[in-house]
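Novice: Input structure.cif, format and content: mmCIF, C-alpha atoms and all ligand atoms.
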```
data_work
#
loop_
_atom_site.label_atom_id
_atom_site.label_comp_id
_atom_site.auth_asym_id
_atom_site.auth_seq_id
_atom_site.Cartn_x
_atom_site.Cartn_y
_atom_site.Cartn_z
CA MET A 282 0.00 0.00 0.00
CA SER A 283 1.40 3.42 -0.85
CA VAL A 284 1.02 6.25 1.60
CA PRO A 285 0.77 9.88 0.53
CA THR A 286 3.92 11.86 1.16
CA SER A 287 4.14 13.11 4.67
CA SER A 288 5.58 16.20 6.17
CA SER A 289 8.84 16.07 8.12
CA SER A 290 10.82 19.18 7.36
CA SER A 291 14.33 19.09 8.78
CA ASN A 292 13.21 22.21 10.59
CA LYS A 293 10.52 20.34 12.49
CA SER A 294 12.83 17.38 13.06
CA ASP A 295 15.35 19.75 14.64
CA GLN A 296 12.65 21.38 16.71
CA LEU A 297 11.26 18.04 17.96
CA GLY A 298 14.61 16.30 18.33
CA PHE A 299 13.78 13.25 16.17
CA THR A 300 13.87 12.71 12.44
CA HIS A 301 10.26 11.77 11.77
CA ARG A 302 7.26 11.67 9.46
CA PHE A 303 3.89 13.11 10.26
CA ILE A 304 0.68 12.58 8.33
CA PRO A 305 -2.35 14.43 9.67
CA SER A 306 -5.60 12.55 10.33
CA GLY A 307 -8.27 12.33 7.67
CA GLY A 308 -10.05 15.54 8.71
CA GLU A 309 -13.82 15.29 8.14
CA ASN A 310 -13.64 11.50 7.69
CA ASP A 311 -11.96 11.07 11.01
CA LYS A 312 -14.38 11.08 13.89
CA ALA A 313 -12.13 9.26 16.38
CA GLY A 314 -9.22 11.73 16.16
CA LEU A 315 -6.64 9.03 16.90
CA THR A 316 -2.94 9.41 16.21
CA LEU A 317 -0.83 6.29 15.77
CA LEU A 318 2.73 6.56 17.08
CA LEU A 319 4.64 4.23 14.75
CA LEU A 320 7.79 2.67 16.21
CA HIS A 321 9.96 0.61 13.88
CA GLY A 322 12.12 -2.40 14.64
CA THR A 323 15.92 -2.61 14.88
CA GLY A 324 17.47 -1.41 11.62
CA GLY A 325 14.30 0.33 10.48
CA ASN A 326 13.47 3.96 9.97
CA GLU A 327 10.62 6.49 10.01
CA ASP A 328 9.23 5.27 6.66
CA ASP A 329 8.92 1.58 7.55
CA LEU A 330 5.61 1.47 9.37
CA LEU A 331 3.71 4.16 7.44
CA PRO A 332 1.96 1.61 5.18
CA LEU A 333 1.14 -0.55 8.22
CA GLY A 334 -0.27 2.46 10.07
CA ARG A 335 -2.44 3.38 7.11
CA GLU A 336 -3.62 -0.22 6.75
CA LEU A 337 -4.59 -0.33 10.42
CA ASP A 338 -6.60 2.85 10.18
CA LEU A 339 -7.47 4.75 7.01
CA ASN A 340 -8.04 8.04 8.79
CA ALA A 341 -5.82 8.20 11.86
CA GLY A 342 -2.97 10.68 12.08
CA LEU A 343 0.45 9.02 11.84
CA ILE A 344 3.58 10.14 13.65
CA SER A 345 6.67 8.08 12.98
CA PRO A 346 10.06 8.91 14.56
CA ARG A 347 13.38 7.26 13.77
CA GLY A 348 15.22 5.68 16.73
CA LYS A 349 18.28 7.71 17.65
CA ILE A 350 20.61 4.94 18.75
CA LEU A 351 22.92 3.73 16.02
CA GLU A 352 24.08 0.21 16.77
CA ALA A 353 27.44 -0.57 15.17
CA GLY A 354 27.32 3.04 13.97
CA ARG A 355 24.57 2.41 11.40
CA ILE A 356 21.60 0.38 12.71
CA PRO A 357 18.82 2.60 14.13
CA ARG A 358 17.16 1.53 17.39
CA PHE A 359 15.13 3.24 20.09
CA PHE A 360 17.47 2.33 22.95
CA ARG A 361 20.82 0.69 23.58
CA ARG A 362 21.23 -3.01 24.20
CA LEU A 363 24.20 -4.88 25.59
CA ALA A 364 23.39 -8.06 23.65
CA GLU A 365 20.37 -9.61 21.95
CA GLY A 366 17.51 -9.28 24.47
CA ILE A 367 19.75 -7.71 27.16
CA PHE A 368 18.92 -4.07 27.51
CA ASP A 369 20.84 -1.08 28.84
CA ILE A 370 18.17 -0.19 31.39
CA GLU A 371 19.48 3.31 32.19
CA ASP A 372 19.48 4.18 28.51
CA LEU A 373 16.02 2.63 28.06
CA LYS A 374 14.64 4.79 30.87
CA PHE A 375 16.20 7.91 29.40
CA ARG A 376 15.03 7.13 25.84
CA SER A 377 11.49 6.36 26.99
CA GLN A 378 11.24 9.77 28.65
CA GLU A 379 12.83 11.43 25.63
CA LEU A 380 10.34 9.80 23.25
CA ALA A 381 7.42 10.75 25.51
CA GLY A 382 8.70 14.35 25.36
CA PHE A 383 8.82 14.14 21.56
CA VAL A 384 5.18 12.98 21.36
CA GLU A 385 4.06 15.68 23.72
CA LYS A 386 5.88 18.41 21.75
CA ALA A 387 4.72 16.99 18.42
CA SER A 388 1.10 17.14 19.57
CA ARG A 389 1.51 20.87 20.14
CA VAL A 390 3.44 21.55 16.93
CA TYR A 391 1.11 19.52 14.69
CA GLY A 392 -2.07 20.09 16.69
CA PHE A 393 -3.14 16.50 17.38
CA ASP A 394 -4.85 15.37 20.59
CA SER A 395 -2.18 14.09 22.99
CA HIS A 396 -4.85 12.11 24.85
CA LYS A 397 -5.64 9.99 21.81
CA VAL A 398 -2.25 8.52 20.94
CA ILE A 399 -1.92 4.78 20.38
CA ALA A 400 1.56 3.34 19.99
CA VAL A 401 2.08 0.77 17.25
CA GLY A 402 5.46 -0.89 17.70
CA TYR A 403 7.27 -3.81 16.16
CA SER A 404 10.07 -5.63 18.03
CA ASN A 405 12.45 -2.94 19.32
CA GLY A 406 9.66 -0.38 18.73
CA ALA A 407 7.18 -2.55 20.67
CA ASN A 408 9.67 -2.82 23.51
CA ILE A 409 10.07 0.94 23.88
CA ALA A 410 6.28 1.33 23.61
CA ALA A 411 5.90 -1.14 26.51
CA SER A 412 8.54 0.80 28.43
CA MET A 413 6.62 4.04 27.85
CA LEU A 414 3.45 2.40 29.15
CA LEU A 415 5.31 1.44 32.31
CA LEU A 416 7.27 4.69 32.81
CA THR A 417 5.32 7.47 31.08
CA PRO A 418 1.78 6.08 30.85
CA GLN A 419 0.16 9.50 30.54
CA ILE A 420 1.48 9.81 26.98
CA LEU A 421 -0.33 6.76 25.50
CA SER A 422 -3.98 5.81 25.60
CA GLY A 423 -3.21 2.35 24.31
CA ALA A 424 -0.79 0.26 22.31
CA ILE A 425 -0.48 -2.36 19.63
CA LEU A 426 2.61 -4.41 20.38
CA PHE A 427 3.96 -6.78 17.76
CA ARG A 428 6.62 -9.25 19.00
CA ALA A 429 7.19 -7.50 22.35
CA MET A 430 9.10 -8.65 25.42
CA VAL A 431 9.45 -7.26 28.96
CA PRO A 432 11.60 -4.14 28.52
CA LEU A 433 12.03 -3.51 32.26
CA VAL A 434 10.18 -4.00 35.51
CA PRO A 435 9.63 -0.61 37.18
CA ASP A 436 10.07 -0.19 40.94
CA ASN A 437 6.43 0.85 41.21
CA LEU A 438 3.82 -0.36 38.78
CA PRO A 439 1.81 2.51 37.23
CA ASP A 440 -1.97 2.52 37.13
CA LEU A 441 -2.81 1.35 33.62
CA SER A 442 -6.49 0.73 34.26
CA ASP A 443 -7.54 3.13 31.49
CA LYS A 444 -5.23 1.52 28.88
CA ARG A 445 -6.21 -0.95 26.19
CA ILE A 446 -3.36 -3.04 24.83
CA PHE A 447 -3.20 -5.48 21.95
CA MET A 448 -0.27 -7.87 21.75
CA SER A 449 0.47 -10.12 18.80
CA SER A 450 3.22 -12.65 19.36
CA GLY A 451 4.74 -15.48 17.36
CA LEU A 452 4.48 -19.00 18.77
CA ARG A 453 7.88 -19.79 17.28
CA ASP A 454 9.61 -16.45 17.91
CA PRO A 455 13.18 -17.11 19.10
CA ILE A 456 13.71 -13.43 20.11
CA ALA A 457 10.50 -12.25 21.78
CA THR A 458 9.74 -15.73 23.12
CA ARG A 459 6.43 -17.09 24.28
CA GLN A 460 7.52 -16.81 27.93
CA GLU A 461 8.54 -13.17 27.44
CA ALA A 462 5.25 -12.25 25.76
CA GLU A 463 3.30 -13.95 28.55
CA ARG A 464 5.42 -12.23 31.19
CA LEU A 465 4.79 -8.81 29.60
CA SER A 466 1.06 -9.44 29.27
CA GLY A 467 1.00 -10.49 32.96
CA LEU A 468 2.89 -7.38 34.04
CA LEU A 469 0.59 -5.04 32.12
CA LYS A 470 -2.49 -6.79 33.50
CA GLN A 471 -1.07 -6.56 37.01
CA ALA A 472 -0.89 -2.79 36.45
CA GLY A 473 -4.59 -2.85 35.57
CA ALA A 474 -4.44 -2.71 31.75
CA VAL A 475 -6.88 -4.62 29.57
CA VAL A 476 -4.61 -6.81 27.46
CA ASP A 477 -5.60 -8.87 24.46
CA LEU A 478 -2.71 -11.24 23.68
CA GLN A 479 -3.07 -13.12 20.42
CA TRP A 480 -0.80 -15.83 19.07
CA GLN A 481 0.34 -16.21 15.50
CA ASP A 482 1.68 -19.41 14.01
CA SER A 483 4.93 -17.65 13.10
CA GLY A 484 8.34 -16.49 14.21
CA HIS A 485 9.66 -12.94 14.72
CA GLN A 486 8.52 -11.66 11.32
CA LEU A 487 5.26 -9.78 11.02
CA THR A 488 2.55 -11.55 9.00
CA GLN A 489 -0.69 -10.49 7.36
CA ASP A 490 -2.53 -12.31 10.18
CA ASP A 491 -0.89 -9.96 12.72
CA ILE A 492 -2.07 -6.96 10.77
CA GLN A 493 -5.59 -8.27 10.31
CA ALA A 494 -5.93 -9.08 14.02
CA ALA A 495 -4.63 -5.63 15.02
CA LYS A 496 -6.95 -3.94 12.56
CA GLU A 497 -9.96 -5.73 14.03
CA TRP A 498 -8.87 -4.86 17.57
CA LEU A 499 -8.49 -1.17 16.69
CA HIS A 500 -11.85 -1.13 14.94
CA LEU A 501 -13.55 -2.54 18.05
CA LEU A 502 -11.71 -0.09 20.30
CA LYS A 503 -12.98 2.84 18.23
CA LYS A 504 -16.51 1.48 18.26
CA ARG A 505 -16.44 1.06 22.01
CA LYS A 506 -15.09 4.59 22.54
CA LYS A 507 -17.88 6.03 20.41
CA LYS A 508 -20.44 4.54 22.81
CA VAL A 509 -18.80 6.08 25.90
C1 LIG B 601 15.31 -5.44 21.19
O1 LIG B 601 16.50 -5.31 21.16
O2 LIG B 601 14.50 -4.53 21.41
C2 LIG B 601 14.81 -6.82 20.94
O3 LIG B 601 15.84 -7.73 21.10
C3 LIG B 601 14.19 -6.98 19.61
C4 LIG B 601 15.12 -6.58 18.52
O4 LIG B 601 15.92 -7.41 18.06
O5 LIG B 601 15.09 -5.45 18.13
#
```
Rewrite the structure from the file as structure tokens, please.
Ligand code: MLT
Specialist:
Amino acid sequence: MSVPTSSSSSNKSDQLGFTHRFIPSGGENDKAGLTLLLLHGTGGNEDDLLPLGRELDLNAGLISPRGKILEAGRIPRFFRRLAEGIFDIEDLKFRSQELAGFVEKASRVYGFDSHKVIAVGYSNGANIAASMLLLTPQILSGAILFRAMVPLVPDNLPDLSDKRIFMSSGLRDPIATRQEAERLSGLLKQAGAVVDLQWQDSGHQLTQDDIQAAKEWLHLLKKRKKKV
């Protein structure tokens, strides 16, 4: 699916501190006023998830930053890791706050509703989204987490009782393993979130089934919100 060109002047990227893309919501067609915060996987960039975001929701605004960490000097990520699956927790905490600050500033600069932001993350992007839920929950109203694991366990669990979270995990994922996905879902539920964890018959790669399941979840979420 092609996505219309988005704005991300270097001016705005400088101002907001992240290279990024922004596509405003569909105006008149968009009753829900949601903005999807698109967070790519290791080695990705701000363009990667734009088609996915548009497939999930035809009308939502899309904001898509590029992770600032360069692993091996060239591989973008949202936070440092010491080895596969072993995270630099201090850096993760700092980057989570930094990204929350970016979303907050972007909502002012672009004029979207900062109370209607849903993170959509894949792998490394899902992990920082989960970290934001645990450390800066005020910045997200929900999240779609593809292939996520436990990023960190905070000293004090936040109150996530107003958050709706969709997780899609691969039964044969060697990176974000079944145990990790279950552990994260348990942690988020313990904090009060409503979590829908779905399993795909796949590994770490995203499949069309993931996208379809997330699309249905988002559709239901919007329908439910309309009734409130
Ligand atoms: C991470 O580093 O966030 C996870 O190991 C997933 C990935 O490989 O990006």
Novice: So, with all atoms listed in the file as the atoms that count, which of A:Ile492, A:Ala410, A:Ala353, A:Val431 lies closest to Leu333 in chain A?
Specialist: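 Among the listed residues, the smallest separation from Leu333 in chain A belongs to A:Ile492.
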Novice: Do you have the CA of Trp480 in chain A-CA of Val434 in chain A distance handy?
Specialist: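 So the answer is 23.0 Å.
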Novice: Record the distance separating CA of Ser377 in chain A and CA of Leu414 in chain A, expressed in Å with one decimal.
Specialist: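 One can read the CA of Ser377 in chain A to CA of Leu414 in chain A distance as 9.2 Å.
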Novice: Sort by chain and increasing residue number a table of all residues of chain A within 8 Å of ligand LIG 601 (chain B), each with its closest pair of atoms and their distance in Å to one decimal, counting only C-alpha atoms and all ligand atoms, and write it as a Markdown table.
Specialist:
```
| residue | atom | partner | partner_atom | distance |
| --- | --- | --- | --- | --- |
| A:Gly322 | CA | B:LIG601 | O5 | 5.5 |
| A:Thr323 | CA | B:LIG601 | O5 | 4.4 |
| A:Arg358 | CA | B:LIG601 | O5 | 7.3 |
| A:Phe359 | CA | B:LIG601 | O2 | 7.9 |
| A:Phe360 | CA | B:LIG601 | O2 | 7.6 |
| A:Arg361 | CA | B:LIG601 | O1 | 7.8 |
| A:Arg362 | CA | B:LIG601 | O1 | 6.1 |
| A:Ala364 | CA | B:LIG601 | O1 | 7.8 |
| A:Glu365 | CA | B:LIG601 | O3 | 5.0 |
| A:Gly366 | CA | B:LIG601 | O3 | 4.1 |
| A:Ile367 | CA | B:LIG601 | O3 | 7.2 |
| A:Phe368 | CA | B:LIG601 | O1 | 6.9 |
| A:Ser404 | CA | B:LIG601 | C3 | 4.6 |
| A:Asn405 | CA | B:LIG601 | O2 | 3.3 |
| A:Gly406 | CA | B:LIG601 | O2 | 6.9 |
| A:Ala407 | CA | B:LIG601 | O2 | 7.6 |
| A:Asn408 | CA | B:LIG601 | O2 | 5.5 |
| A:Ile409 | CA | B:LIG601 | O2 | 7.5 |
| A:Arg428 | CA | B:LIG601 | C3 | 7.9 |
| A:Ala429 | CA | B:LIG601 | C3 | 7.5 |
| A:Met430 | CA | B:LIG601 | C2 | 7.5 |
| A:Pro432 | CA | B:LIG601 | O2 | 7.7 |
| A:Ile456 | CA | B:LIG601 | O3 | 6.2 |
| A:Ala457 | CA | B:LIG601 | C3 | 6.8 |
```
Novice: Hey, can you check how far CA of Gly484 in chain A sits from CA of Gly342 in chain A?
Specialist: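 CA of Gly484 in chain A sits 29.5 Å away from CA of Gly342 in chain A.
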Novice: Between A:Leu433, A:Met448, A:Met413, A:Ile399, which one has atoms that come closest to Ile370 in chain A, using all atoms listed in the file?
Specialist: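 Closest to Ile370 in chain A of all the choices is A:Leu433.
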Novice: What's the 8 Å shell around Thr316 in chain A, counting all atoms listed in the file, without same-chain residues fewer than 2 positions away, as a PyMOL selection string?
Specialist: chain A and resi 306+314+318+341-344+393-394+397-399
Novice: Quick one: of A:Gly392, A:Asp328, A:Phe299, A:Val401, who's nearest to Ile350 in chain A, counting only C-alpha atoms?
Specialist: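 The closest residue to Ile350 in chain A is A:Phe299.
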Novice: For a quick check of understanding, using all atoms listed in the file, which of A:Gly298, A:Ser412, A:Asp454, A:Gln419 has the smallest distance to Glu371 in chain A?
Specialist: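 Of all the options, A:Ser412 lies closest to Glu371 in chain A.
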Novice: Which polymer residues have any atom within 12 Å of an atom of Gln296 in chain A, counting all atoms listed in the file, with same-chain residues fewer than 4 positions away left out, as a ChimeraX atom specification?
Specialist: /A:289-292,300-301,382-383,386-387,389-391
